[in-house]
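Structure below is protein.cif: mmCIF, C-alpha atoms.
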data_start
loop_
_atom_site.label_atom_id
_atom_site.label_comp_id
_atom_site.auth_asym_id
_atom_site.auth_seq_id
_atom_site.Cartn_x
_atom_site.Cartn_y
_atom_site.Cartn_z
CA MET A 1 52.37 5.69 -9.89
CA TRP A 2 52.10 7.66 -6.66
CA ALA A 3 53.98 10.54 -8.34
CA HIS A 4 51.34 10.70 -11.06
CA ALA A 5 48.53 10.61 -8.49
CA PHE A 6 50.22 13.39 -6.53
CA GLY A 7 50.79 15.51 -9.65
CA PHE A 8 47.19 15.19 -10.83
CA SER A 9 45.92 15.94 -7.31
CA ALA A 10 48.15 19.01 -7.01
CA LEU A 11 47.43 20.49 -10.45
CA PRO A 12 44.08 22.17 -9.64
CA HIS A 13 45.68 23.92 -6.66
CA ILE A 14 48.07 25.84 -8.94
CA GLY A 15 45.36 27.96 -10.54
CA GLY A 16 43.48 28.25 -7.28
CA PHE A 17 46.54 29.54 -5.49
CA PHE A 18 47.41 31.91 -8.33
CA GLY A 19 43.88 33.36 -8.35
CA TRP A 20 43.95 33.79 -4.58
CA PHE A 21 47.38 35.42 -4.71
CA LEU A 22 46.28 37.95 -7.34
CA THR A 23 43.05 38.89 -5.59
CA ARG A 24 43.71 38.27 -1.88
CA LYS A 25 43.45 41.95 -0.94
CA GLU A 26 39.98 42.26 -2.49
CA VAL A 27 38.18 40.13 0.11
CA PRO A 28 38.65 42.41 3.14
CA THR A 29 38.04 45.53 1.04
CA TRP A 30 35.86 45.32 -2.07
CA PHE A 31 34.09 42.01 -1.30
CA GLU A 32 33.12 43.06 2.21
CA SER A 33 31.44 46.18 0.79
CA LEU A 34 29.06 44.13 -1.38
CA LYS A 35 25.50 43.18 -0.47
CA LYS A 36 25.51 39.44 0.13
CA PRO A 37 22.74 36.99 1.05
CA SER A 38 22.42 36.01 4.70
CA TRP A 39 22.92 32.34 3.85
CA ARG A 40 26.42 32.74 2.45
CA PRO A 41 29.13 30.63 4.08
CA PRO A 42 31.72 32.42 6.24
CA ASN A 43 34.87 33.55 4.43
CA LYS A 44 37.04 31.17 6.47
CA MET A 45 35.19 28.20 4.99
CA PHE A 46 36.21 28.88 1.37
CA PRO A 47 39.91 27.90 1.54
CA VAL A 48 39.08 24.67 3.39
CA VAL A 49 36.37 23.73 0.91
CA TRP A 50 38.43 24.58 -2.17
CA THR A 51 41.47 22.67 -0.89
CA THR A 52 39.29 19.59 -0.45
CA LEU A 53 37.51 20.00 -3.79
CA TYR A 54 40.68 20.67 -5.78
CA THR A 55 42.36 17.60 -4.30
CA GLY A 56 39.32 15.42 -5.00
CA MET A 57 38.88 16.57 -8.58
CA GLY A 58 42.59 16.26 -9.24
CA TYR A 59 42.69 12.71 -7.93
CA ALA A 60 39.55 11.90 -9.93
CA SER A 61 41.28 13.11 -13.10
CA TYR A 62 44.21 10.83 -12.26
CA LEU A 63 41.84 7.84 -11.99
CA VAL A 64 40.39 8.60 -15.43
CA TRP A 65 43.83 9.18 -16.95
CA ASN A 66 45.10 5.93 -15.45
CA ASP A 67 42.10 3.88 -16.57
CA LEU A 68 42.42 5.23 -20.11
CA GLY A 69 46.12 4.33 -20.24
CA GLY A 70 47.40 7.91 -20.23
CA PHE A 71 46.97 10.73 -22.69
CA ASN A 72 45.71 9.14 -25.89
CA SER A 73 42.83 9.46 -28.34
CA LYS A 74 40.36 7.91 -25.84
CA ALA A 75 41.30 10.58 -23.29
CA VAL A 76 40.73 13.63 -25.51
CA ILE A 77 37.08 14.22 -24.61
CA PRO A 78 37.03 13.23 -20.92
CA LEU A 79 40.28 14.97 -20.02
CA GLY A 80 39.62 17.83 -22.47
CA LEU A 81 36.32 18.57 -20.71
CA TYR A 82 38.10 18.36 -17.37
CA GLY A 83 40.80 20.78 -18.55
CA ALA A 84 38.20 23.19 -19.93
CA GLN A 85 36.22 23.23 -16.68
CA LEU A 86 39.44 23.71 -14.73
CA ALA A 87 40.31 26.74 -16.88
CA LEU A 88 36.87 28.27 -16.27
CA ASN A 89 37.22 27.50 -12.57
CA TRP A 90 40.55 29.31 -12.45
CA ALA A 91 39.13 32.25 -14.43
CA TRP A 92 36.27 32.91 -12.02
CA THR A 93 38.37 34.38 -9.18
CA PRO A 94 40.17 37.01 -11.30
CA LEU A 95 36.90 37.91 -13.04
CA PHE A 96 34.93 38.26 -9.82
CA PHE A 97 37.47 39.53 -7.31
CA GLY A 98 40.11 41.05 -9.59
CA ALA A 99 38.12 42.72 -12.36
CA HIS A 100 34.88 43.08 -10.35
CA ARG A 101 33.00 41.80 -13.40
CA LEU A 102 30.06 40.22 -11.63
CA LYS A 103 28.01 39.47 -14.74
CA LEU A 104 30.96 37.94 -16.56
CA ALA A 105 31.79 35.88 -13.46
CA LEU A 106 28.18 34.67 -13.44
CA VAL A 107 28.39 33.64 -17.10
CA ASP A 108 31.72 31.93 -16.35
CA ILE A 109 30.34 29.91 -13.42
CA LEU A 110 27.23 28.86 -15.34
CA CYS A 111 29.39 27.62 -18.23
CA LEU A 112 31.65 25.95 -15.66
CA TYR A 113 28.63 24.16 -14.20
CA GLY A 114 27.73 22.78 -17.63
CA LEU A 115 31.29 21.65 -18.27
CA VAL A 116 31.44 19.88 -14.90
CA LEU A 117 28.22 18.03 -15.77
CA GLY A 118 29.72 17.10 -19.15
CA THR A 119 32.94 15.98 -17.50
CA MET A 120 31.05 13.78 -15.06
CA TYR A 121 28.92 12.32 -17.86
CA SER A 122 32.02 11.47 -19.90
CA TRP A 123 33.80 9.97 -16.88
CA TYR A 124 31.00 7.73 -15.67
CA PRO A 125 31.61 4.84 -18.13
CA ILE A 126 35.36 5.08 -17.48
CA ASN A 127 35.53 5.30 -13.69
CA LYS A 128 32.49 5.61 -11.46
CA MET A 129 34.58 6.52 -8.40
CA ALA A 130 36.10 9.46 -10.31
CA THR A 131 32.60 10.61 -11.18
CA MET A 132 31.49 10.33 -7.55
CA LEU A 133 34.52 12.35 -6.43
CA MET A 134 33.11 15.21 -8.53
CA VAL A 135 29.71 15.22 -6.76
CA PRO A 136 30.83 17.43 -3.83
CA TYR A 137 32.34 19.85 -6.35
CA LEU A 138 29.05 20.03 -8.25
CA ALA A 139 27.17 20.58 -4.99
CA TRP A 140 29.53 23.42 -4.04
CA LEU A 141 29.20 24.92 -7.52
CA THR A 142 25.44 24.94 -7.03
CA LEU A 143 25.92 27.06 -3.93
CA ALA A 144 28.63 29.21 -5.55
CA SER A 145 26.49 29.80 -8.65
CA SER A 146 23.54 30.84 -6.51
CA LEU A 147 25.77 33.12 -4.46
CA THR A 148 27.30 34.66 -7.59
CA PHE A 149 23.83 35.28 -9.02
CA CYS A 150 22.57 36.95 -5.82
CA ILE A 151 25.65 39.16 -5.54
CA TRP A 152 25.35 40.18 -9.21
CA ARG A 153 21.62 40.89 -8.82
CA ASP A 154 22.01 42.89 -5.59
CA ASN A 155 25.09 44.91 -6.61
CA PRO A 156 24.56 46.75 -9.89
CA GLU A 157 27.79 47.20 -11.82
CA GLU A 158 29.15 50.62 -12.67
CA LYS A 159 28.31 52.03 -16.08
CA GLY A 160 30.93 51.03 -18.61
CA LYS A 161 31.67 47.75 -16.79
CA SER A 162 28.51 46.02 -17.92
CA ASP A 163 29.05 42.93 -20.03
#
Would it be possible to restate this file's structure as structure tokens?
Amino acid sequence: MWAHAFGFSALPHIGGFFGWFLTRKEVPTWFESLKKPSWRPPNKMFPVVWTTLYTGMGYASYLVWNDLGGFNSKAVIPLGLYGAQLALNWAWTPLFFGAHRLKLALVDILCLYGLVLGTMYSWYPINKMATMLMVPYLAWLTLASSLTFCIWRDNPEEKGKSD
């Protein structure tokens, strides 16, 4: 079973790493040129936080999968919501850093927030610990959503890029 736990815990990192790899040159250039709120966390904090959050959410998904007896009809909604939120999570970095689509990234993260709430709601009757492992993620998304909103508001997009 440890192989399953490791696989589920590692899965979220794949998209996170891919997004970082595609957009890594945008942070010291484009991102630094944006107006950002004074309360934003330092750039060095983001990889540490995301490594922790991805591992926690991945392990939480393993707990739900295990308690439901694998991929079966009972797992469709709870793991489907988890997969959908993971896809939106992975999409945010290329939208924001790669395409510089601030408004679309804001829409993405707000939808992501709703899907995380739905995921947690669907997980609670299955595994309360898995649900609690998602709380730090939701807290960080609250900060990230606020930050995305402020950056979008304070940095008007070029004409023709508006969503």
Shortest interatomic distance to Lys103 (chain A) - which of A:Lys128, A:Arg153, A:Lys25, A:Lys74, counting only C-alpha atoms: A:Arg153
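Excluding Gly7 (chain A) itself and same-chain residues fewer than 3 positions from it, the residues having an atom within 9 Å of it are Trp2, Ala3, His4, Ala10, Leu11, Gly58, Tyr59 and Tyr62 of chain A, counting all atoms listed in the file.
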Env of region 114-126 of chain A: 8 Å cut, atoms = only C-alpha atoms, seq-sep filter 3 positions within chain, self excluded. Answer as a short mmCIF file (atom, residue, chain, number, x, y, z; two decimals) with C-alpha atoms, in the frame of the given file.
data_model
loop_
_atom_site.label_atom_id
_atom_site.label_comp_id
_atom_site.auth_asym_id
_atom_site.auth_seq_id
_atom_site.Cartn_x
_atom_site.Cartn_y
_atom_site.Cartn_z
CA VAL A 64 40.39 8.60 -15.43
CA ASP A 67 42.10 3.88 -16.57
CA LEU A 68 42.42 5.23 -20.11
CA ILE A 77 37.08 14.22 -24.61
CA PRO A 78 37.03 13.23 -20.92
CA LEU A 79 40.28 14.97 -20.02
CA LEU A 81 36.32 18.57 -20.71
CA TYR A 82 38.10 18.36 -17.37
CA ALA A 84 38.20 23.19 -19.93
CA GLN A 85 36.22 23.23 -16.68
CA LEU A 110 27.23 28.86 -15.34
CA CYS A 111 29.39 27.62 -18.23
CA ALA A 130 36.10 9.46 -10.31
CA THR A 131 32.60 10.61 -11.18
CA MET A 134 33.11 15.21 -8.53
CA LEU A 138 29.05 20.03 -8.25
#
Contacts of Ala99 (chain A) at 12 Å (all atoms listed in the file; same-chain gap of 2+ positions) as a list in words: Gly19, Leu22, Thr23, Glu26, Trp30, Phe31, Ala91, Trp92, Thr93, Pro94, Leu95, Phe96, Phe97, Arg101, Leu102, Lys103, Leu104, Ala105, Glu157, Glu158, Lys161, Ser162 and Asp163 of chain A
Take the residues that were just selected and, keeping C-alpha atoms, output them as an mmCIF file, keeping the file's coordinate frame.
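See selection_8.cif below for the written result:
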data_model
loop_
_atom_site.group_PDB
_atom_site.id
_atom_site.type_symbol
_atom_site.label_atom_id
_atom_site.label_comp_id
_atom_site.auth_asym_id
_atom_site.auth_seq_id
_atom_site.Cartn_x
_atom_site.Cartn_y
_atom_site.Cartn_z
ATOM 1 C CA GLY A 19 43.880 33.360 -8.350
ATOM 2 C CA LEU A 22 46.280 37.950 -7.340
ATOM 3 C CA THR A 23 43.050 38.890 -5.590
ATOM 4 C CA GLU A 26 39.980 42.260 -2.490
ATOM 5 C CA TRP A 30 35.860 45.320 -2.070
ATOM 6 C CA PHE A 31 34.090 42.010 -1.300
ATOM 7 C CA ALA A 91 39.130 32.250 -14.430
ATOM 8 C CA TRP A 92 36.270 32.910 -12.020
ATOM 9 C CA THR A 93 38.370 34.380 -9.180
ATOM 10 C CA PRO A 94 40.170 37.010 -11.300
ATOM 11 C CA LEU A 95 36.900 37.910 -13.040
ATOM 12 C CA PHE A 96 34.930 38.260 -9.820
ATOM 13 C CA PHE A 97 37.470 39.530 -7.310
ATOM 14 C CA ARG A 101 33.000 41.800 -13.400
ATOM 15 C CA LEU A 102 30.060 40.220 -11.630
ATOM 16 C CA LYS A 103 28.010 39.470 -14.740
ATOM 17 C CA LEU A 104 30.960 37.940 -16.560
ATOM 18 C CA ALA A 105 31.790 35.880 -13.460
ATOM 19 C CA GLU A 157 27.790 47.200 -11.820
ATOM 20 C CA GLU A 158 29.150 50.620 -12.670
ATOM 21 C CA LYS A 161 31.670 47.750 -16.790
ATOM 22 C CA SER A 162 28.510 46.020 -17.920
ATOM 23 C CA ASP A 163 29.050 42.930 -20.030
#
Nearby residues (only C-alpha atoms) at most 9 Å from Leu34 (chain A), same-chain spacing under 4 positions excluded, as a ChimeraX atom specification: /A:30,151,154-155
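Closest to Ser61 (chain A) among A:Gly83, A:Thr29, A:Arg40, A:Gly98 is A:Gly83, based on all atoms listed in the file.
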Neighbours of Ser145 (chain A) within 7 Å (all atoms listed in the file; same-chain residues fewer than 3 positions away dropped), as a PDB file with C-alpha atoms, in the coordinates of the input?
ATOM      1  CA  ILE A 109      30.340  29.910 -13.420  1.00  0.00           C
ATOM      2  CA  LEU A 110      27.230  28.860 -15.340  1.00  0.00           C
ATOM      3  CA  LEU A 141      29.200  24.920  -7.520  1.00  0.00           C
ATOM      4  CA  THR A 142      25.440  24.940  -7.030  1.00  0.00           C
ATOM      5  CA  THR A 148      27.300  34.660  -7.590  1.00  0.00           C
ATOM      6  CA  PHE A 149      23.830  35.280  -9.020  1.00  0.00           C
TER       7      PHE A 149
END
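Minimum distance to Ala60 (chain A) across A:Pro136, A:Pro37, A:Pro156, A:Gly15 (counting only C-alpha atoms) occurs at A:Pro136.
When CA of Met132 (chain A) is paired with CA of Pro47 (chain A), their separation reads 21.5 Å.
Straight-line separation from CA of Thr55 (chain A) to CA of Val107 (chain A): 24.8 Å.
Distances here use all atoms listed in the file; by that measure, the residue among A:Cys150, A:Met1, A:Leu86, A:Val27 closest to Met57 (chain A) is A:Leu86.
Here CA of Ser33 (chain A) is placed at a distance of 22.9 Å from CA of Trp50 (chain A).
Of the listed residues A:Met45, A:Lys36, A:Asn66, A:Trp90, the one whose atoms come nearest to Pro12 (chain A) is A:Trp90, with distances taken using all atoms listed in the file.
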Hey, could you pull the box centre and edge lengths for region 5-8 of chain A, axis-aligned, 6 Å padding per side, all listed atoms, to one decimal in Å, as lines of an AutoDock Vina configuration file?
center_x = 49.0
center_y = 13.1
center_z = -8.7
size_x = 15.6
size_y = 16.9
size_z = 16.3
Pick from A:Asn43, A:Thr52, A:Ser146, A:Ser38, whichever lies nearest to Leu133 (chain A) using only C-alpha atoms: A:Thr52
